[in-house]
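Enquirer: Just work_23.cif, nothing more (mmCIF, C-alpha atoms and all ligand atoms):
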data_my_file
#
loop_
_atom_site.label_atom_id
_atom_site.label_comp_id
_atom_site.auth_asym_id
_atom_site.auth_seq_id
_atom_site.Cartn_x
_atom_site.Cartn_y
_atom_site.Cartn_z
CA MET A 1 -20.58 70.85 16.54
CA ARG A 2 -17.05 70.61 17.94
CA ALA A 3 -17.06 73.34 20.53
CA ILE A 4 -14.98 74.46 23.50
CA LEU A 5 -16.32 76.53 26.39
CA LEU A 6 -13.62 78.56 28.12
CA GLY A 7 -14.05 80.79 31.15
CA PRO A 8 -13.27 81.26 34.82
CA PRO A 9 -14.68 79.05 37.62
CA GLY A 10 -18.37 79.77 38.10
CA ALA A 11 -18.84 81.55 34.75
CA GLY A 12 -21.47 78.98 33.77
CA LYS A 13 -19.48 76.70 31.44
CA GLY A 14 -20.98 73.48 32.81
CA THR A 15 -24.52 74.86 32.76
CA GLN A 16 -24.24 76.14 29.20
CA ALA A 17 -22.21 73.19 27.89
CA ALA A 18 -24.92 70.77 29.04
CA ARG A 19 -27.61 72.79 27.26
CA LEU A 20 -25.57 73.17 24.07
CA ALA A 21 -24.70 69.46 23.99
CA LYS A 22 -28.37 68.50 24.44
CA ARG A 23 -29.46 70.84 21.66
CA PHE A 24 -26.89 69.50 19.18
CA ARG A 25 -27.11 65.88 20.44
CA VAL A 26 -23.41 65.55 21.13
CA PRO A 27 -21.66 64.54 24.37
CA HIS A 28 -20.85 67.12 27.03
CA ILE A 29 -17.27 66.39 28.02
CA SER A 30 -16.27 68.04 31.30
CA THR A 31 -12.74 67.25 32.49
CA GLY A 32 -13.72 68.45 35.99
CA ASP A 33 -16.63 65.96 36.14
CA TYR A 34 -14.45 63.11 34.85
CA LEU A 35 -11.68 63.89 37.33
CA ARG A 36 -14.15 64.07 40.25
CA ARG A 37 -15.59 60.71 39.17
CA HIS A 38 -12.09 59.18 39.18
CA VAL A 39 -11.54 60.62 42.67
CA ALA A 40 -14.87 59.21 43.92
CA GLU A 41 -14.06 55.78 42.46
CA GLY A 42 -10.52 55.81 43.88
CA THR A 43 -8.80 55.02 40.56
CA ALA A 44 -5.05 55.58 40.10
CA LEU A 45 -5.81 58.76 38.13
CA GLY A 46 -8.21 59.92 40.84
CA ARG A 47 -5.64 59.39 43.60
CA GLU A 48 -3.07 61.36 41.60
CA ALA A 49 -5.49 64.20 40.75
CA GLU A 50 -7.17 64.59 44.17
CA PRO A 51 -4.59 66.81 45.93
CA TYR A 52 -4.45 69.22 42.99
CA ILE A 53 -8.23 69.55 42.84
CA ALA A 54 -8.50 70.03 46.61
CA GLN A 55 -5.99 72.89 46.48
CA GLY A 56 -7.68 74.54 43.51
CA VAL A 57 -4.69 74.16 41.18
CA LEU A 58 -4.43 72.41 37.83
CA VAL A 59 -3.93 68.68 37.47
CA PRO A 60 -0.73 68.03 35.41
CA ASP A 61 -1.17 68.35 31.65
CA ALA A 62 -0.05 64.81 30.81
CA LEU A 63 -2.83 63.23 32.88
CA VAL A 64 -5.61 65.46 31.59
CA ILE A 65 -4.49 65.32 27.96
CA GLN A 66 -4.44 61.52 27.96
CA MET A 67 -7.86 61.31 29.64
CA THR A 68 -9.42 63.75 27.15
CA HIS A 69 -7.73 62.14 24.14
CA GLU A 70 -9.17 58.75 25.13
CA ARG A 71 -12.63 60.22 25.70
CA LEU A 72 -12.68 61.92 22.29
CA GLN A 73 -11.90 58.63 20.57
CA GLU A 74 -15.12 57.05 21.84
CA PRO A 75 -17.78 56.52 19.15
CA ASP A 76 -20.28 59.05 20.53
CA ALA A 77 -17.75 61.89 20.09
CA ARG A 78 -17.19 61.23 16.38
CA GLU A 79 -20.02 63.52 15.26
CA GLY A 80 -19.08 66.27 17.67
CA PHE A 81 -18.75 67.29 21.31
CA VAL A 82 -18.85 70.20 23.72
CA LEU A 83 -15.65 70.44 25.74
CA ASP A 84 -16.01 72.10 29.16
CA GLY A 85 -12.88 72.85 31.21
CA PHE A 86 -10.41 71.65 28.58
CA PRO A 87 -8.05 72.99 27.35
CA ARG A 88 -6.77 75.05 30.28
CA THR A 89 -3.12 75.56 29.41
CA ARG A 90 -1.23 76.35 26.21
CA GLY A 91 0.16 72.79 26.32
CA GLN A 92 -3.37 71.33 26.45
CA ALA A 93 -4.53 73.59 23.59
CA GLU A 94 -1.61 72.55 21.41
CA ALA A 95 -2.15 68.87 22.21
CA LEU A 96 -5.87 69.13 21.41
CA ALA A 97 -5.05 70.67 18.02
CA GLU A 98 -3.12 67.47 17.22
CA PHE A 99 -6.07 65.14 17.84
CA ALA A 100 -9.28 67.12 17.15
CA ALA A 101 -10.57 69.80 14.80
CA ILE A 102 -12.50 72.58 16.54
CA ASP A 103 -15.34 74.65 15.02
CA HIS A 104 -16.19 77.08 17.83
CA VAL A 105 -14.54 78.45 20.97
CA VAL A 106 -16.75 80.41 23.35
CA HIS A 107 -15.21 82.47 26.12
CA LEU A 108 -17.80 83.03 28.88
CA PHE A 109 -16.91 85.96 31.13
CA LEU A 110 -18.44 87.38 34.30
CA ASP A 111 -17.66 89.93 37.03
CA PRO A 112 -15.37 88.45 39.76
CA ALA A 113 -17.89 89.05 42.59
CA ASP A 114 -20.51 87.06 40.65
CA LEU A 115 -18.03 84.21 40.09
CA ILE A 116 -17.61 83.79 43.84
CA LYS A 117 -21.35 84.05 44.54
CA ARG A 118 -22.12 81.44 41.91
CA SER A 119 -19.42 78.97 42.96
CA THR A 120 -20.04 79.09 46.71
CA GLY A 121 -23.81 78.57 46.23
CA ARG A 122 -23.42 75.75 43.72
CA ARG A 123 -24.88 72.33 44.46
CA VAL A 124 -24.24 69.35 42.19
CA CYS A 125 -25.76 65.95 41.62
CA PRO A 126 -23.14 63.24 42.32
CA ALA A 127 -25.08 60.74 40.19
CA CYS A 128 -25.77 62.62 36.93
CA ASP A 129 -23.60 65.79 37.27
CA ALA A 130 -26.57 68.19 36.99
CA VAL A 131 -25.70 71.63 38.40
CA TYR A 132 -27.88 73.90 40.58
CA HIS A 133 -27.49 76.96 42.77
CA THR A 134 -29.11 77.39 46.18
CA PHE A 135 -30.96 80.56 45.15
CA LEU A 136 -29.88 81.57 41.60
CA ASN A 137 -30.83 78.25 39.99
CA PRO A 138 -32.54 76.06 42.63
CA PRO A 139 -33.92 72.56 42.05
CA LYS A 140 -37.71 72.08 42.24
CA GLU A 141 -37.37 70.15 45.53
CA LYS A 142 -34.79 71.55 47.95
CA GLY A 143 -31.60 69.47 47.99
CA GLN A 144 -32.84 67.00 45.36
CA CYS A 145 -31.84 66.58 41.70
CA ASP A 146 -34.68 67.37 39.25
CA ASP A 147 -33.34 64.83 36.74
CA CYS A 148 -32.62 61.74 38.85
CA GLY A 149 -33.82 62.49 42.40
CA SER A 150 -30.39 62.03 44.06
CA ALA A 151 -29.40 64.15 47.08
CA LEU A 152 -27.38 67.20 45.98
CA ILE A 153 -23.93 67.90 47.43
CA GLN A 154 -21.50 70.83 47.61
CA ARG A 155 -18.15 70.38 45.85
CA GLU A 156 -15.20 70.46 48.25
CA ASP A 157 -13.38 72.98 46.05
CA ASP A 158 -16.35 75.39 46.27
CA ARG A 159 -15.20 76.76 49.64
CA GLU A 160 -14.57 80.50 49.21
CA ASP A 161 -10.78 80.32 49.83
CA VAL A 162 -10.38 77.54 47.23
CA VAL A 163 -12.65 79.37 44.74
CA ARG A 164 -10.43 82.48 45.03
CA ARG A 165 -7.36 80.35 44.38
CA ARG A 166 -9.02 78.73 41.33
CA ILE A 167 -9.84 82.16 39.91
CA GLU A 168 -6.19 83.25 40.35
CA VAL A 169 -4.97 80.05 38.67
CA TYR A 170 -7.40 80.65 35.80
CA GLU A 171 -6.13 84.21 35.28
CA VAL A 172 -2.49 83.13 35.17
CA GLU A 173 -2.67 79.77 33.36
CA SER A 174 -5.90 79.60 31.37
CA GLU A 175 -6.96 83.13 30.38
CA PRO A 176 -3.91 83.46 28.05
CA ILE A 177 -5.12 80.61 25.82
CA THR A 178 -7.94 82.83 24.57
CA ALA A 179 -5.20 84.47 22.45
CA PHE A 180 -4.35 81.06 20.92
CA TYR A 181 -7.94 80.77 19.61
CA GLU A 182 -8.24 84.45 18.72
CA GLU A 183 -5.28 84.01 16.36
CA GLN A 184 -7.27 81.22 14.66
CA GLU A 185 -10.38 83.46 14.48
CA LEU A 186 -12.40 80.90 16.44
CA LEU A 187 -12.99 82.87 19.64
CA ARG A 188 -16.37 84.40 20.62
CA ASP A 189 -16.72 86.39 23.86
CA VAL A 190 -20.09 85.87 25.58
CA TYR A 191 -21.20 87.72 28.73
CA GLY A 192 -22.36 85.13 31.26
CA SER A 193 -24.65 87.37 33.33
CA GLY A 194 -28.46 87.08 33.27
CA LEU A 195 -30.85 84.17 33.30
CA VAL A 196 -29.54 80.80 32.13
CA VAL A 197 -31.85 80.94 29.07
CA GLU A 198 -30.69 84.47 28.21
CA VAL A 199 -27.03 83.41 28.30
CA SER A 200 -27.90 80.39 26.10
CA GLU A 201 -29.52 82.68 23.52
CA ARG A 202 -26.48 84.96 23.54
CA LEU A 203 -24.20 81.97 23.14
CA LEU A 204 -26.19 80.50 20.25
CA SER A 205 -26.23 83.88 18.44
CA SER A 206 -22.46 84.11 18.89
CA LEU A 207 -22.06 80.77 17.10
CA GLU A 208 -23.90 82.19 14.08
CA SER A 209 -21.85 85.40 13.87
P1 LIG A 301 -13.95 72.24 36.83
O1 LIG A 301 -14.95 71.30 37.34
O2 LIG A 301 -13.74 72.36 35.37
O3 LIG A 301 -14.27 73.64 37.48
P2 LIG A 301 -14.11 75.14 36.91
O4 LIG A 301 -13.52 75.38 35.59
O5 LIG A 301 -13.41 75.79 38.02
O6 LIG A 301 -15.51 75.56 36.60
P3 LIG A 301 -16.73 75.38 37.48
O7 LIG A 301 -17.26 73.99 37.37
O8 LIG A 301 -16.39 75.87 38.87
O9 LIG A 301 -17.74 76.47 36.92
P4 LIG A 301 -18.59 76.55 35.58
O10 LIG A 301 -18.06 77.64 34.74
O11 LIG A 301 -18.75 75.20 34.95
O12 LIG A 301 -19.96 77.04 36.18
P5 LIG A 301 -21.35 76.26 36.44
O13 LIG A 301 -22.08 76.07 35.16
O14 LIG A 301 -21.14 75.08 37.32
O15 LIG A 301 -12.50 71.93 37.45
C1 LIG A 301 -12.34 71.61 38.82
C2 LIG A 301 -10.88 71.23 39.07
O16 LIG A 301 -10.52 70.07 38.29
C3 LIG A 301 -9.84 72.30 38.67
O17 LIG A 301 -9.63 73.26 39.70
C4 LIG A 301 -8.60 71.42 38.40
O18 LIG A 301 -7.97 71.06 39.60
C5 LIG A 301 -9.20 70.17 37.76
N1 LIG A 301 -9.27 70.26 36.29
C6 LIG A 301 -10.40 70.21 35.52
N2 LIG A 301 -10.08 70.31 34.22
C7 LIG A 301 -8.74 70.44 34.17
C8 LIG A 301 -7.83 70.60 33.09
N3 LIG A 301 -8.25 70.68 31.81
N4 LIG A 301 -6.51 70.71 33.38
C9 LIG A 301 -6.07 70.64 34.65
N5 LIG A 301 -6.88 70.49 35.73
C10 LIG A 301 -8.20 70.39 35.48
O19 LIG A 301 -22.13 77.41 37.25
C11 LIG A 301 -21.70 77.83 38.53
C12 LIG A 301 -22.95 78.08 39.42
O20 LIG A 301 -23.70 79.16 38.89
C13 LIG A 301 -23.92 76.89 39.49
O21 LIG A 301 -24.46 76.85 40.78
C14 LIG A 301 -25.01 77.22 38.45
O22 LIG A 301 -26.27 76.67 38.79
C15 LIG A 301 -25.04 78.76 38.55
N6 LIG A 301 -25.34 79.40 37.27
C16 LIG A 301 -24.82 79.10 36.05
N7 LIG A 301 -25.31 79.94 35.12
C17 LIG A 301 -26.15 80.80 35.78
C18 LIG A 301 -26.96 81.91 35.37
N8 LIG A 301 -26.98 82.35 34.10
N9 LIG A 301 -27.68 82.54 36.32
C19 LIG A 301 -27.65 82.13 37.61
N10 LIG A 301 -26.92 81.09 38.06
C20 LIG A 301 -26.17 80.44 37.14
#
Show me, as C-alpha cells, the structure contained in the file I just sent.
Expert:
Amino acid sequence: MRAILLGPPGAGKGTQAARLAKRFRVPHISTGDYLRRHVAEGTALGREAEPYIAQGVLVPDALVIQMTHERLQEPDAREGFVLDGFPRTRGQAEALAEFAAIDHVVHLFLDPADLIKRSTGRRVCPACDAVYHTFLNPPKEKGQCDDCGSALIQREDDREDVVRRRIEVYEVESEPITAFYEEQELLRDVYGSGLVVEVSERLLSSLES
C-alpha cells in the first residue's frame, strides 16, 4: 500500500489517511502534521515554514521535498505508506516519482461550502494529531482527545480568511497535479461527503476498481 491522498483543505484527507494507514498497517505521513511539529519545536525548518503556513500558502518545494524524502527512507515506510498533503505541486510530484513508487492516488473532493464548515470547526490533538470536529465529528468528552486525553486545540490556519486563501492556493497550485496522476492511470476520484465510515467504504472500493 503506497498511496497518496489528494484534495482541498478540509476534504477529509487526514481523517481518511489515518484510517487507511491503520487498516493496512503502514505509516500515515502528513506533511502538514510534520511541519506543524517543527514549528511547535522551533527547529530551523519550523522557523522557515511558519510564515508560509500562517498565511495559508505553500512552504517552498525544496524544504518539503527533503523532509518527505527523509521520512520515506525510514524503516517503517519500506512496506508502504499513506501520504497526506504531499505532493502539492508539479515539482513535488516529479520529485516523488524519483524516490518512491506509488500504487494508488485518491482525489477526495467536496463542495466548497462544506470545506469551509469542516475546516473552521476542526479541532486537533497537539499530542497525537487525532482530528475532530466540534459538531460533525466530536470527541466523546468535549475538548478532549479520545485516544490520549490531551486538550484539543484549533489550528491557527483554520480561521475562515486563511481557509479561503488555502482553498484558492489549492485550486491554482495543487489541483492541476491530478492530471499528472490521471496520465499514469493511478487517479481515483472519491466524493468526501457523508459519514466518515461511508467515505472510507467508498475510498476502499475505489482502490479495488
Ligand atoms: P495540511 O495540514 O496538509 O492542510 P490541508 O491540506 O489544507 O488539509 P487539512 O488538514 O486542512 O484538511 P484535510 O483534508 O486533512 O481534512 P481533515 O481530515 O482534517 O497543510 C497545512 C499547511 O502546511 C499548508 O497550508 C502549507 O502551508 C503547509 N504544507 C503542508 N504540506 C505541504 C506541501 N506538501 N507543500 C507545501 N506546503 C505544505 O478534516 C477536516 C475536518 O472535517 C475535521 O474537523 C474532521 O473531523 C472533519 N471531517 C472529516 N471527514 C468528515 C466526514 N466524512 N464527515 C464529517 N466531518 C468530517
Enquirer: Which polymer residues have any atom within 9 Å of an atom of Gly56 in chain A, counting all atoms listed in the file, with same-chain residues fewer than 6 positions away left out, as a list in words?
Expert: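 The filter keeps Asp157, Val162, Val163, Arg164, Arg165, Arg166, Ile167 and Val169 of chain A.
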Enquirer: Give me a file of those residues, with C-alpha atoms, as a tab-separated table (two decimals), in the frame of the given file.
Expert:
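Wrote it out as out_30.tsv, contents follow:
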chain	number	residue	atom	x	y	z
A	157	ASP	CA	-13.38	72.98	46.05
A	162	VAL	CA	-10.38	77.54	47.23
A	163	VAL	CA	-12.65	79.37	44.74
A	164	ARG	CA	-10.43	82.48	45.03
A	165	ARG	CA	-7.36	80.35	44.38
A	166	ARG	CA	-9.02	78.73	41.33
A	167	ILE	CA	-9.84	82.16	39.91
A	169	VAL	CA	-4.97	80.05	38.67
Enquirer: Between CA of Gln73 in chain A and atom O19 of ligand LIG 301 (chain A), what distance in Å does the model show, to one decimal?
Expert: 27.1 Å
Enquirer: Quick one: what's the axis-aligned box for ligand LIG 301 (chain A), all listed atoms, 4 Å on every side, centre and edges in Å to one decimal, as JSON?
Expert:
{"center_x": -16.9, "center_y": 76.3, "center_z": 36.3, "size_x": 29.6, "size_y": 20.5, "size_z": 17.0}
Enquirer: Within 7 Å of ligand LIG 301 (chain A), counting all atoms listed in the file: which residues, as an NGL selection string?
Expert: :A and (7-16 or 30-33 or 35 or 52-53 or 56-61 or 64 or 84-88 or 118-119 or 121-123 or 131-133 or 136-137 or 166 or 192-196 or 199)
Enquirer: Have a look at A:Ala97, A:Ala40, A:Ile65, A:Ile102 and name the one nearest to Arg2 in chain A; count all atoms listed in the file.
Expert: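 Answer, going by the shortest atom-to-atom distance: A:Ile102.
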Enquirer: Between A:Ile4, A:Val106, A:Val26, A:Ala18, which one has atoms that come closest to Leu83 in chain A, using only C-alpha atoms?
Expert: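 Distance minimum relative to Leu83 in chain A lands on A:Ile4.
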Enquirer: Restricting the calculation to all atoms listed in the file: of A:Thr134, A:Thr89, A:Ser200, A:Thr120, which residue gets closest to Leu6 in chain A?
Expert: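 Of A:Thr134, A:Thr89, A:Ser200, A:Thr120, the one nearest Leu6 in chain A is A:Thr89, counting all atoms listed in the file.
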Enquirer: Find the residues around Arg202 in chain A up to 8 Å (all atoms listed in the file counted), leave out those fewer than 3 positions away in its own chain, and share them as a ChimeraX atom specification.
Expert: /A:190-191,198-199,205-206
Enquirer: So that I can see what lies close to Ala3 in chain A, please list as a list in words the residues with an atom at most 10 Å from it, counting all atoms listed in the file and leaving out residues fewer than 6 positions away in the same chain.
Expert: Ala17, Leu20, Ala21, His28, Gly80, Phe81, Val82, Leu83, Asp84, Ala101, Ile102, Asp103, His104, Val105, Val106, Leu186 and Leu207 of chain A
Enquirer: I'd like the interatomic distance between CA of Leu152 in chain A and CA of Ala130 in chain A, to a tenth of an Å.
Expert: 9.1 Å
Enquirer: When you draw a straight line from CA of Glu50 in chain A to CA of Ile116 in chain A, how long is it in Å?
Expert: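 Answer for the CA of Glu50 in chain A to CA of Ile116 in chain A separation: 21.9 Å.
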Enquirer: Which residues, written as a JSON list (two decimals) with C-alpha atoms, in the frame of the given file, have at least one atom at most 9 Å from Cys148 in chain A, with only C-alpha atoms counted and residues fewer than 6 positions away on the same chain left out?
Expert:
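Contents of the output file around-v9.json:
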[["chain", "number", "residue", "atom", "x", "y", "z"],
["A", 125, "CYS", "CA", -25.76, 65.95, 41.62],
["A", 127, "ALA", "CA", -25.08, 60.74, 40.19],
["A", 128, "CYS", "CA", -25.77, 62.62, 36.93]]
Enquirer: Which one of A:Val124, A:Phe180, A:Asp161, A:Pro51 sits closest to Gly143 in chain A if you count all atoms listed in the file?
Expert: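 Using all atoms listed in the file, the shortest distance to Gly143 in chain A belongs to A:Val124.
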Enquirer: When distances are computed from all atoms listed in the file, which of A:Leu63, A:Gln55, A:Ile153, A:Phe99 shows the smallest separation from His38 in chain A?
Expert: A:Leu63
Enquirer: Quick one: everything within 10 Å of Tyr34 in chain A, counting all atoms listed in the file, minus sequence neighbours fewer than 6 positions away in the same chain. Send it as a list in words.
Expert: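 Here the qualifying residues turn out to be Ala40, Gly46, Val64, Met67, Thr68, Arg71 and Asp129 of chain A.
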Enquirer: Looking at A:Arg159, A:Arg90, A:His107, A:Lys142, which one is nearest to Ser174 in chain A, with distances taken over all atoms listed in the file?
Expert: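 Selected residue with least distance to Ser174 in chain A: A:Arg90.
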